[in-house]
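Below is coords-v3.cif, holding mmCIF, C-alpha atoms.
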data_target
#
loop_
_atom_site.group_PDB
_atom_site.id
_atom_site.type_symbol
_atom_site.label_atom_id
_atom_site.label_comp_id
_atom_site.auth_asym_id
_atom_site.auth_seq_id
_atom_site.Cartn_x
_atom_site.Cartn_y
_atom_site.Cartn_z
ATOM 1 C CA MET A 1 23.743 18.400 11.802
ATOM 2 C CA ALA A 2 22.299 21.204 13.950
ATOM 3 C CA ARG A 3 19.621 20.386 16.500
ATOM 4 C CA ARG A 4 16.335 22.264 16.398
ATOM 5 C CA ARG A 5 15.595 23.807 19.813
ATOM 6 C CA HIS A 6 12.647 26.055 19.119
ATOM 7 C CA ARG A 7 8.910 25.683 18.866
ATOM 8 C CA ARG A 8 8.421 26.392 15.178
ATOM 9 C CA THR A 9 7.000 23.370 13.399
ATOM 10 C CA PRO A 10 9.498 21.939 10.895
ATOM 11 C CA ARG A 11 7.686 20.919 7.719
ATOM 12 C CA GLN A 12 9.143 18.882 4.887
ATOM 13 C CA PRO A 13 7.456 19.789 1.571
ATOM 14 C CA HIS A 14 6.713 17.459 -1.305
ATOM 15 C CA THR A 15 10.231 17.327 -2.729
ATOM 16 C CA ALA A 16 12.220 16.244 0.350
ATOM 17 C CA THR A 17 14.704 13.368 0.316
ATOM 18 C CA VAL A 18 17.041 12.795 3.280
ATOM 19 C CA HIS A 19 19.743 10.317 2.289
ATOM 20 C CA GLY A 20 23.257 9.167 3.077
ATOM 21 C CA ARG A 21 23.971 10.762 6.454
ATOM 22 C CA ALA A 22 26.294 8.737 8.709
ATOM 23 C CA GLU A 23 27.415 9.123 12.339
ATOM 24 C CA PHE A 24 29.363 6.946 14.770
ATOM 25 C CA VAL A 25 29.104 8.834 18.080
ATOM 26 C CA VAL A 26 26.815 7.862 20.967
ATOM 27 C CA PRO A 27 24.199 9.156 21.670
ATOM 28 C CA THR A 28 23.124 10.495 18.297
ATOM 29 C CA TRP A 29 20.789 10.265 15.339
ATOM 30 C CA ARG A 30 20.893 10.580 11.573
ATOM 31 C CA GLY A 31 18.309 11.784 9.067
ATOM 32 C CA ILE A 32 15.999 14.289 10.803
ATOM 33 C CA TYR A 33 16.104 15.442 14.442
ATOM 34 C CA ASN A 34 13.709 17.738 16.291
ATOM 35 C CA ASP A 35 14.252 18.584 19.953
ATOM 36 C CA ALA A 36 11.021 20.449 20.754
ATOM 37 C CA GLY A 37 7.717 21.271 19.088
ATOM 38 C CA PRO A 38 5.721 19.204 16.590
ATOM 39 C CA THR A 39 7.183 17.733 13.413
ATOM 40 C CA THR A 40 5.118 17.200 10.265
ATOM 41 C CA ILE A 41 6.597 15.358 7.273
ATOM 42 C CA GLU A 42 4.570 14.682 4.139
ATOM 43 C CA ASP A 43 5.289 12.956 0.813
ATOM 44 C CA SER A 44 8.985 12.537 1.576
ATOM 45 C CA THR A 45 11.709 9.872 1.535
ATOM 46 C CA ILE A 46 14.178 9.158 4.360
ATOM 47 C CA SER A 47 16.595 6.567 3.051
ATOM 48 C CA GLY A 48 20.123 5.218 3.496
ATOM 49 C CA ASN A 49 21.090 7.019 6.712
ATOM 50 C CA SER A 50 23.118 5.303 9.425
ATOM 51 C CA THR A 51 24.241 5.644 13.020
ATOM 52 C CA GLN A 52 26.193 3.238 15.211
ATOM 53 C CA GLY A 53 24.709 2.787 18.658
ATOM 54 C CA GLY A 54 22.580 5.925 18.447
ATOM 55 C CA ASP A 55 18.938 6.603 19.159
ATOM 56 C CA ALA A 56 17.472 6.662 15.647
ATOM 57 C CA SER A 57 18.796 6.131 12.147
ATOM 58 C CA ALA A 58 16.164 8.094 10.200
ATOM 59 C CA LEU A 59 13.977 10.301 12.398
ATOM 60 C CA LEU A 60 14.206 11.291 16.075
ATOM 61 C CA GLN A 61 11.430 13.376 17.633
ATOM 62 C CA ASP A 62 12.745 14.104 21.140
ATOM 63 C CA HIS A 63 9.843 16.151 22.535
ATOM 64 C CA GLY A 64 6.588 17.014 20.791
ATOM 65 C CA ARG A 65 4.146 15.459 18.417
ATOM 66 C CA ILE A 66 5.217 13.633 15.256
ATOM 67 C CA GLU A 67 2.977 13.531 12.170
ATOM 68 C CA LEU A 68 3.877 11.528 9.066
ATOM 69 C CA ARG A 69 1.832 11.333 5.855
ATOM 70 C CA HIS A 70 2.946 9.247 2.882
ATOM 71 C CA VAL A 71 6.557 8.984 4.051
ATOM 72 C CA THR A 72 8.907 6.231 2.866
ATOM 73 C CA VAL A 73 11.547 5.278 5.462
ATOM 74 C CA ALA A 74 13.857 2.668 3.938
ATOM 75 C CA GLY A 75 17.344 1.221 4.232
ATOM 76 C CA ASN A 76 18.432 3.096 7.357
ATOM 77 C CA HIS A 77 20.894 1.451 9.772
ATOM 78 C CA GLY A 78 21.307 1.755 13.548
ATOM 79 C CA GLY A 79 18.759 1.999 16.359
ATOM 80 C CA SER A 80 15.109 2.238 15.394
ATOM 81 C CA ALA A 81 14.361 3.996 12.118
ATOM 82 C CA ALA A 82 11.740 6.341 13.612
ATOM 83 C CA VAL A 83 11.623 7.281 17.303
ATOM 84 C CA SER A 84 9.319 9.572 19.260
ATOM 85 C CA GLY A 85 10.814 10.195 22.658
ATOM 86 C CA THR A 86 8.064 10.732 25.244
ATOM 87 C CA HIS A 87 4.657 9.398 26.256
ATOM 88 C CA ILE A 88 3.219 12.929 26.527
ATOM 89 C CA TRP A 89 2.426 13.308 22.825
ATOM 90 C CA ARG A 90 0.396 11.266 20.379
ATOM 91 C CA PRO A 91 2.177 10.110 17.198
ATOM 92 C CA ASP A 92 0.039 10.401 14.079
ATOM 93 C CA VAL A 93 1.450 8.250 11.279
ATOM 94 C CA ARG A 94 -0.627 7.423 8.192
ATOM 95 C CA GLY A 95 -0.064 6.083 4.688
ATOM 96 C CA SER A 96 3.639 5.523 5.382
ATOM 97 C CA LEU A 97 6.084 2.750 4.537
ATOM 98 C CA PHE A 98 8.973 1.404 6.644
ATOM 99 C CA THR A 99 11.157 -1.298 5.109
ATOM 100 C CA GLY A 100 14.731 -2.551 4.903
ATOM 101 C CA ASN A 101 15.820 -0.779 8.078
ATOM 102 C CA ALA A 102 18.460 -2.466 10.267
ATOM 103 C CA GLY A 103 16.981 -2.324 13.753
ATOM 104 C CA ALA A 104 13.327 -1.865 14.623
ATOM 105 C CA ASP A 105 11.254 0.157 12.169
ATOM 106 C CA CYS A 106 9.548 2.265 14.855
ATOM 107 C CA ASP A 107 9.664 3.087 18.541
ATOM 108 C CA LEU A 108 6.644 5.381 18.826
ATOM 109 C CA ARG A 109 5.796 6.206 22.426
ATOM 110 C CA GLU A 110 2.366 7.645 22.981
ATOM 111 C CA ARG A 111 -0.121 8.630 25.644
ATOM 112 C CA PRO A 112 -2.048 5.546 26.811
ATOM 113 C CA ASP A 113 -5.376 7.381 26.438
ATOM 114 C CA SER A 114 -4.697 8.682 22.922
ATOM 115 C CA PRO A 115 -6.451 7.445 19.756
ATOM 116 C CA ASP A 116 -4.263 5.102 17.726
ATOM 117 C CA HIS A 117 -3.488 6.379 14.228
ATOM 118 C CA VAL A 118 -0.380 4.253 13.717
ATOM 119 C CA ASP A 119 -2.351 1.461 12.017
ATOM 120 C CA GLU A 120 -4.052 3.579 9.342
ATOM 121 C CA TYR A 121 -2.628 2.308 6.036
ATOM 122 C CA ASN A 122 0.922 2.042 7.371
ATOM 123 C CA THR A 123 3.173 -0.926 6.753
ATOM 124 C CA SER A 124 6.538 -2.052 8.088
ATOM 125 C CA ASP A 125 8.701 -5.150 7.890
ATOM 126 C CA ASP A 126 8.392 -5.889 11.613
ATOM 127 C CA GLY A 127 4.901 -4.548 12.313
ATOM 128 C CA THR A 128 6.067 -1.832 14.737
ATOM 129 C CA CYS A 129 4.571 0.934 12.537
ATOM 130 C CA GLY A 130 1.381 -0.677 11.286
ATOM 131 C CA THR A 131 0.686 -3.853 9.322
ATOM 132 C CA ALA A 132 3.612 -6.259 9.071
ATOM 133 C CA THR A 133 4.509 -6.780 5.407
ATOM 134 C CA PRO A 134 7.468 -8.965 4.338
ATOM 135 C CA ALA A 135 10.035 -6.967 2.382
ATOM 136 C CA GLY A 136 9.659 -9.274 -0.613
ATOM 137 C CA GLN A 137 5.982 -8.372 -0.929
ATOM 138 C CA THR A 138 6.796 -4.669 -0.630
ATOM 139 C CA ASP A 139 8.937 -4.906 -3.799
ATOM 140 C CA LEU A 140 10.575 -1.527 -3.142
ATOM 141 C CA GLN A 141 12.760 -0.329 -6.004
ATOM 142 C CA PRO A 142 16.189 1.327 -5.539
ATOM 143 C CA LEU A 143 16.415 5.044 -4.805
ATOM 144 C CA SER A 144 16.116 6.790 -8.164
ATOM 145 C CA ASP A 145 15.388 10.176 -9.745
ATOM 146 C CA ASN A 146 12.157 8.808 -11.254
ATOM 147 C CA GLU A 147 12.231 11.701 -13.753
ATOM 148 C CA THR A 148 12.189 14.369 -11.013
ATOM 149 C CA LEU A 149 14.683 16.511 -9.090
ATOM 150 C CA THR A 150 14.437 14.521 -5.848
ATOM 151 C CA ARG A 151 15.023 10.808 -5.545
ATOM 152 C CA SER A 152 12.377 8.389 -4.324
ATOM 153 C CA HIS A 153 11.718 4.672 -4.011
ATOM 154 C CA ALA A 154 9.094 3.479 -6.479
ATOM 155 C CA LEU A 155 6.977 0.425 -5.747
ATOM 156 C CA GLY A 156 7.639 -2.494 -8.073
ATOM 157 C CA GLU A 157 4.989 -3.912 -10.369
ATOM 158 C CA HIS A 158 4.330 -6.780 -7.951
ATOM 159 C CA SER A 159 4.185 -4.752 -4.740
ATOM 160 C CA ILE A 160 1.094 -5.472 -2.654
ATOM 161 C CA LEU A 161 1.243 -1.839 -1.467
ATOM 162 C CA ARG A 162 0.214 -0.562 -4.889
ATOM 163 C CA GLY A 163 -3.396 0.473 -4.671
ATOM 164 C CA ALA A 164 -3.673 -0.297 -0.951
ATOM 165 C CA ILE A 165 -5.725 2.830 -0.103
ATOM 166 C CA PRO A 166 -9.215 3.453 -1.571
ATOM 167 C CA ILE A 167 -9.215 6.623 -3.685
ATOM 168 C CA THR A 168 -12.107 8.032 -1.636
ATOM 169 C CA HIS A 169 -9.907 8.185 1.473
ATOM 170 C CA THR A 170 -8.444 11.590 2.343
ATOM 171 C CA LEU A 171 -4.951 10.065 2.162
ATOM 172 C CA CYS A 172 -5.412 9.939 -1.617
ATOM 173 C CA ASP A 173 -5.938 13.706 -1.801
ATOM 174 C CA GLY A 174 -3.014 15.902 -2.805
ATOM 175 C CA THR A 175 0.171 14.876 -4.602
ATOM 176 C CA ASP A 176 3.074 12.507 -4.116
ATOM 177 C CA GLN A 177 6.739 13.447 -3.622
ATOM 178 C CA ARG A 178 7.114 14.236 -7.325
ATOM 179 C CA GLY A 179 4.068 16.520 -7.348
ATOM 180 C CA LEU A 180 1.949 13.904 -9.166
ATOM 181 C CA SER A 181 -1.702 14.008 -8.120
ATOM 182 C CA ARG A 182 -2.675 10.739 -6.495
ATOM 183 C CA HIS A 183 -5.944 10.977 -8.451
ATOM 184 C CA SER A 184 -4.262 11.563 -11.820
ATOM 185 C CA THR A 185 -3.800 7.876 -12.684
ATOM 186 C CA GLY A 186 -7.554 7.372 -12.853
ATOM 187 C CA ALA A 187 -7.269 4.350 -10.566
ATOM 188 C CA ALA A 188 -9.729 3.488 -7.812
ATOM 189 C CA TYR A 189 -6.910 3.259 -5.268
ATOM 190 C CA CYS A 190 -3.685 5.073 -4.339
ATOM 191 C CA ASP A 191 -0.381 3.825 -2.917
ATOM 192 C CA ILE A 192 1.247 3.702 0.503
ATOM 193 C CA GLY A 193 4.478 5.711 0.761
ATOM 194 C CA ALA A 194 5.940 8.822 -0.850
ATOM 195 C CA HIS A 195 5.858 7.639 -4.474
ATOM 196 C CA GLN A 196 2.571 7.183 -6.374
ATOM 197 C CA SER A 197 2.945 4.542 -9.068
ATOM 198 C CA ILE A 198 1.325 4.733 -12.478
ATOM 199 C CA PRO A 199 -0.338 1.389 -13.176
ATOM 200 C CA THR A 200 0.498 -0.447 -16.371
ATOM 201 C CA LEU A 201 -1.389 -3.738 -16.218
ATOM 202 C CA PRO A 202 -4.649 -3.648 -14.249
ATOM 203 C CA ARG A 203 -4.121 -5.297 -10.869
ATOM 204 C CA ASN A 204 -6.861 -7.113 -9.027
ATOM 205 C CA VAL A 205 -6.949 -6.005 -5.392
ATOM 206 C CA ALA A 206 -10.279 -7.622 -4.427
ATOM 207 C CA ALA A 207 -11.224 -10.901 -6.104
ATOM 208 C CA PRO A 208 -14.422 -11.233 -8.167
ATOM 209 C CA VAL A 209 -17.304 -12.721 -6.186
ATOM 210 C CA ILE A 210 -20.267 -14.886 -7.172
ATOM 211 C CA PRO A 211 -22.961 -16.510 -4.989
ATOM 212 C CA THR A 212 -22.017 -19.964 -3.774
ATOM 213 C CA PHE A 213 -25.445 -21.524 -4.424
ATOM 214 C CA LEU A 214 -26.524 -22.332 -7.985
ATOM 215 C CA ALA A 215 -29.240 -24.669 -9.284
ATOM 216 C CA TRP A 216 -30.922 -25.351 -12.624
ATOM 217 C CA GLY A 217 -32.798 -22.284 -13.814
ATOM 218 C CA LEU A 218 -31.328 -20.018 -11.123
ATOM 219 C CA THR A 219 -29.484 -16.902 -12.346
ATOM 220 C CA ILE A 220 -26.486 -15.516 -10.480
ATOM 221 C CA THR A 221 -24.553 -12.285 -11.098
ATOM 222 C CA ALA A 222 -20.814 -11.667 -10.834
ATOM 223 C CA ASP A 223 -19.287 -8.803 -8.884
ATOM 224 C CA PRO A 224 -16.051 -7.888 -10.758
ATOM 225 C CA GLY A 225 -14.216 -7.118 -7.508
ATOM 226 C CA GLY A 226 -11.708 -4.314 -7.091
ATOM 227 C CA TRP A 227 -9.091 -3.300 -9.648
ATOM 228 C CA TYR A 228 -6.129 -0.933 -9.573
ATOM 229 C CA ALA A 229 -5.920 0.443 -13.089
ATOM 230 C CA ALA A 230 -5.398 3.636 -15.067
ATOM 231 C CA GLY A 231 -8.441 5.267 -16.638
ATOM 232 C CA ASP A 232 -11.823 3.661 -17.158
ATOM 233 C CA VAL A 233 -11.886 -0.110 -16.750
ATOM 234 C CA HIS A 234 -13.820 -2.405 -19.113
ATOM 235 C CA TYR A 235 -14.709 -5.955 -18.056
ATOM 236 C CA THR A 236 -15.303 -9.088 -20.109
ATOM 237 C CA TYR A 237 -16.746 -12.285 -18.652
ATOM 238 C CA ALA A 238 -16.152 -15.970 -19.318
ATOM 239 C CA TRP A 239 -18.018 -18.452 -17.122
ATOM 240 C CA GLN A 240 -16.341 -21.800 -16.509
ATOM 241 C CA ARG A 241 -17.563 -25.255 -15.489
ATOM 242 C CA CYS A 242 -15.220 -27.128 -13.134
ATOM 243 C CA THR A 243 -15.158 -30.795 -12.176
ATOM 244 C CA PRO A 244 -14.826 -31.731 -8.499
ATOM 245 C CA ALA A 245 -11.218 -32.719 -9.279
ATOM 246 C CA GLY A 246 -10.447 -29.190 -10.423
ATOM 247 C CA PRO A 247 -10.074 -28.827 -14.232
ATOM 248 C CA CYS A 248 -12.242 -25.991 -15.584
ATOM 249 C CA THR A 249 -13.484 -25.384 -19.129
ATOM 250 C CA THR A 250 -15.062 -22.245 -20.538
ATOM 251 C CA ILE A 251 -18.797 -22.499 -21.203
ATOM 252 C CA PRO A 252 -19.709 -21.392 -24.768
ATOM 253 C CA ASN A 253 -21.649 -18.123 -25.136
ATOM 254 C CA SER A 254 -21.210 -17.212 -21.461
ATOM 255 C CA ASP A 255 -19.897 -13.668 -21.863
ATOM 256 C CA SER A 256 -22.456 -11.892 -19.660
ATOM 257 C CA PRO A 257 -22.083 -10.816 -16.020
ATOM 258 C CA HIS A 258 -25.099 -13.091 -15.389
ATOM 259 C CA TYR A 259 -25.243 -16.879 -15.575
ATOM 260 C CA THR A 260 -28.200 -19.267 -15.376
ATOM 261 C CA GLY A 261 -27.663 -22.819 -14.139
ATOM 262 C CA ASP A 262 -28.224 -25.535 -16.741
ATOM 263 C CA VAL A 263 -28.433 -29.337 -16.833
ATOM 264 C CA PRO A 264 -24.730 -29.888 -17.764
ATOM 265 C CA ASP A 265 -23.745 -27.973 -14.626
ATOM 266 C CA SER A 266 -25.061 -30.708 -12.325
ATOM 267 C CA GLU A 267 -22.409 -32.121 -9.986
ATOM 268 C CA HIS A 268 -19.981 -29.434 -11.162
ATOM 269 C CA HIS A 269 -18.789 -26.143 -9.735
ATOM 270 C CA ILE A 270 -19.089 -22.835 -11.608
ATOM 271 C CA ARG A 271 -16.752 -19.854 -11.538
ATOM 272 C CA VAL A 272 -16.199 -16.789 -13.703
ATOM 273 C CA MET A 273 -13.023 -15.392 -15.212
ATOM 274 C CA ILE A 274 -13.135 -11.614 -15.472
ATOM 275 C CA THR A 275 -10.670 -9.792 -17.696
ATOM 276 C CA ALA A 276 -10.150 -6.117 -16.914
ATOM 277 C CA THR A 277 -8.863 -3.754 -19.609
ATOM 278 C CA ASN A 278 -7.656 -0.317 -18.550
ATOM 279 C CA GLY A 279 -7.677 3.017 -20.339
ATOM 280 C CA HIS A 280 -4.315 2.214 -21.950
ATOM 281 C CA GLY A 281 -5.674 -0.968 -23.533
ATOM 282 C CA THR A 282 -3.753 -3.448 -21.368
ATOM 283 C CA SER A 283 -5.586 -6.361 -19.762
ATOM 284 C CA ALA A 284 -5.299 -8.808 -16.881
ATOM 285 C CA PRO A 285 -7.561 -11.650 -15.669
ATOM 286 C CA ALA A 286 -8.875 -12.639 -12.247
ATOM 287 C CA TYR A 287 -11.003 -15.570 -11.105
ATOM 288 C CA SER A 288 -13.971 -15.686 -8.760
ATOM 289 C CA ASN A 289 -14.668 -18.177 -6.019
ATOM 290 C CA LEU A 290 -16.289 -21.488 -6.961
ATOM 291 C CA THR A 291 -19.966 -22.171 -6.396
ATOM 292 C CA ASP A 292 -20.952 -25.159 -4.349
ATOM 293 C CA GLU A 293 -21.668 -28.278 -6.372
ATOM 294 C CA VAL A 294 -24.600 -27.359 -8.604
ATOM 295 C CA ALA A 295 -27.857 -28.885 -7.420
ATOM 296 C CA TYR A 296 -30.423 -30.654 -9.568
ATOM 297 C CA GLY A 297 -33.524 -28.634 -10.336
#
Output the structure of this file as structure tokens.
Amino acid sequence: MARRRHRRTPRQPHTATVHGRAEFVVPTWRGIYNDAGPTTIEDSTISGNSTQGGDASALLQDHGRIELRHVTVAGNHGGSAAVSGTHIWRPDVRGSLFTGNAGADCDLRERPDSPDHVDEYNTSDDGTCGTATPAGQTDLQPLSDNETLTRSHALGEHSILRGAIPITHTLCDGTDQRGLSRHSTGAAYCDIGAHQSIPTLPRNVAAPVIPTFLAWGLTITADPGGWYAAGDVHYTYAWQRCTPAGPCTTIPNSDSPHYTGDVPDSEHHIRVMITATNGHGTSAPAYSNLTDEVAYG
């Protein structure tokens, strides 16, 4: 693979996948290498590359600034997956995913006085490129066409990275690797990594909340929390009365977002079950916190 030795900024457009490069000579790299000048990679996948004893298995930025936006770096072997080579430049890595790499996920060397952008909605198995997230919770799916010309890793249905970024953040602007608008799902959040998932079941990303104090005649109101779902979301409410030992039963005719404490609630805890239904008609429940033991009037 030829080394870049000029100052023009290499840019990887939305449909880039770098996969399956192998090398066994020291020192070396596999995936993407840039010798001088800044590198910007957006909405791209770097997966399944390997080097034995080399500097980097996925991305080596020898001199110059490295910028990554919504990049998935997965399953690379040898050295660190992503390396920036000097302390002169400031790495700028956001909304990116590093998982399943043999060796450290990142070795990003930066100026000591530079602002830190490596923790902005990034995740990696070992925490070297942002928040540490166990691979099992990432639930990354195998490299696949995903109905497009370039292969990508989708996030599984149970991935905690689905809907990790609020839709109002600038990282949710633009499109994913497939050219799918990150706003097109109608969800209130977008995903980390190159592939934007399309939600099926609504997924609760911030639990419903109710006040902890309740007494006879006092009315409290439920906050439905945050949901990752396609299209408009409709909520239904079912308030529940729970004994101190834990069993909860639904209170009849309690289908409002508001609840007023009553005599039978005394020495019990109250919670609410909220069921969210998305624009496709599929539903999922979530439960609020418990109130303190309900006080007498």
Just so the selection is clear, what residues does the PyMOL selection byres ((chain A and resi 203-212) around 7) cover here, as a PyMOL selection string?
chain A and resi 201-202+213-214+220-229+286-292
Atom CA of A:Glu147 and atom CA of A:Val73, how far apart in Å?
20.3 Å
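Surrounding residues of (-2.1, 2.1, 3.2) at most 10 Å away are A:His70, A:Arg94, A:Gly95, A:Ser96, A:Leu97, A:Asp119, A:Glu120, A:Tyr121, A:Asn122, A:Thr123, A:Gly130, A:Thr131, A:Leu161, A:Arg162, A:Gly163, A:Ala164, A:Ile165, A:Pro166, A:Leu171, A:Cys172, A:Tyr189, A:Cys190, A:Asp191, A:Ile192, A:Gly193 (based on all atoms listed in the file).
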Tell me which protein, DNA and RNA residues are within 12 Å of A:Thr175, counting all atoms listed in the file, leaving out same-chain ones fewer than 4 positions away, and put them as a ChimeraX atom specification.
/A:13-15,42-44,69-70,170-171,179-185,190-191,193-197
For the selection you just gave me, I'd like the residues written to a file as an mmCIF file, in the coordinates of the input, keeping C-alpha atoms.
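File produced: out-v9.cif:
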data_model
loop_
_atom_site.group_PDB
_atom_site.id
_atom_site.type_symbol
_atom_site.label_atom_id
_atom_site.label_comp_id
_atom_site.auth_asym_id
_atom_site.auth_seq_id
_atom_site.Cartn_x
_atom_site.Cartn_y
_atom_site.Cartn_z
ATOM 1 C CA PRO A 13 7.456 19.789 1.571
ATOM 2 C CA HIS A 14 6.713 17.459 -1.305
ATOM 3 C CA THR A 15 10.231 17.327 -2.729
ATOM 4 C CA GLU A 42 4.570 14.682 4.139
ATOM 5 C CA ASP A 43 5.289 12.956 0.813
ATOM 6 C CA SER A 44 8.985 12.537 1.576
ATOM 7 C CA ARG A 69 1.832 11.333 5.855
ATOM 8 C CA HIS A 70 2.946 9.247 2.882
ATOM 9 C CA THR A 170 -8.444 11.590 2.343
ATOM 10 C CA LEU A 171 -4.951 10.065 2.162
ATOM 11 C CA GLY A 179 4.068 16.520 -7.348
ATOM 12 C CA LEU A 180 1.949 13.904 -9.166
ATOM 13 C CA SER A 181 -1.702 14.008 -8.120
ATOM 14 C CA ARG A 182 -2.675 10.739 -6.495
ATOM 15 C CA HIS A 183 -5.944 10.977 -8.451
ATOM 16 C CA SER A 184 -4.262 11.563 -11.820
ATOM 17 C CA THR A 185 -3.800 7.876 -12.684
ATOM 18 C CA CYS A 190 -3.685 5.073 -4.339
ATOM 19 C CA ASP A 191 -0.381 3.825 -2.917
ATOM 20 C CA GLY A 193 4.478 5.711 0.761
ATOM 21 C CA ALA A 194 5.940 8.822 -0.850
ATOM 22 C CA HIS A 195 5.858 7.639 -4.474
ATOM 23 C CA GLN A 196 2.571 7.183 -6.374
ATOM 24 C CA SER A 197 2.945 4.542 -9.068
#
To one decimal place in Å, what is the distance between atom CA of A:Gly48 and atom CA of A:Glu157?
22.5 Å
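Counting from atom CA of A:Leu155, the distance to atom CA of A:Thr99 is 11.8 Å.
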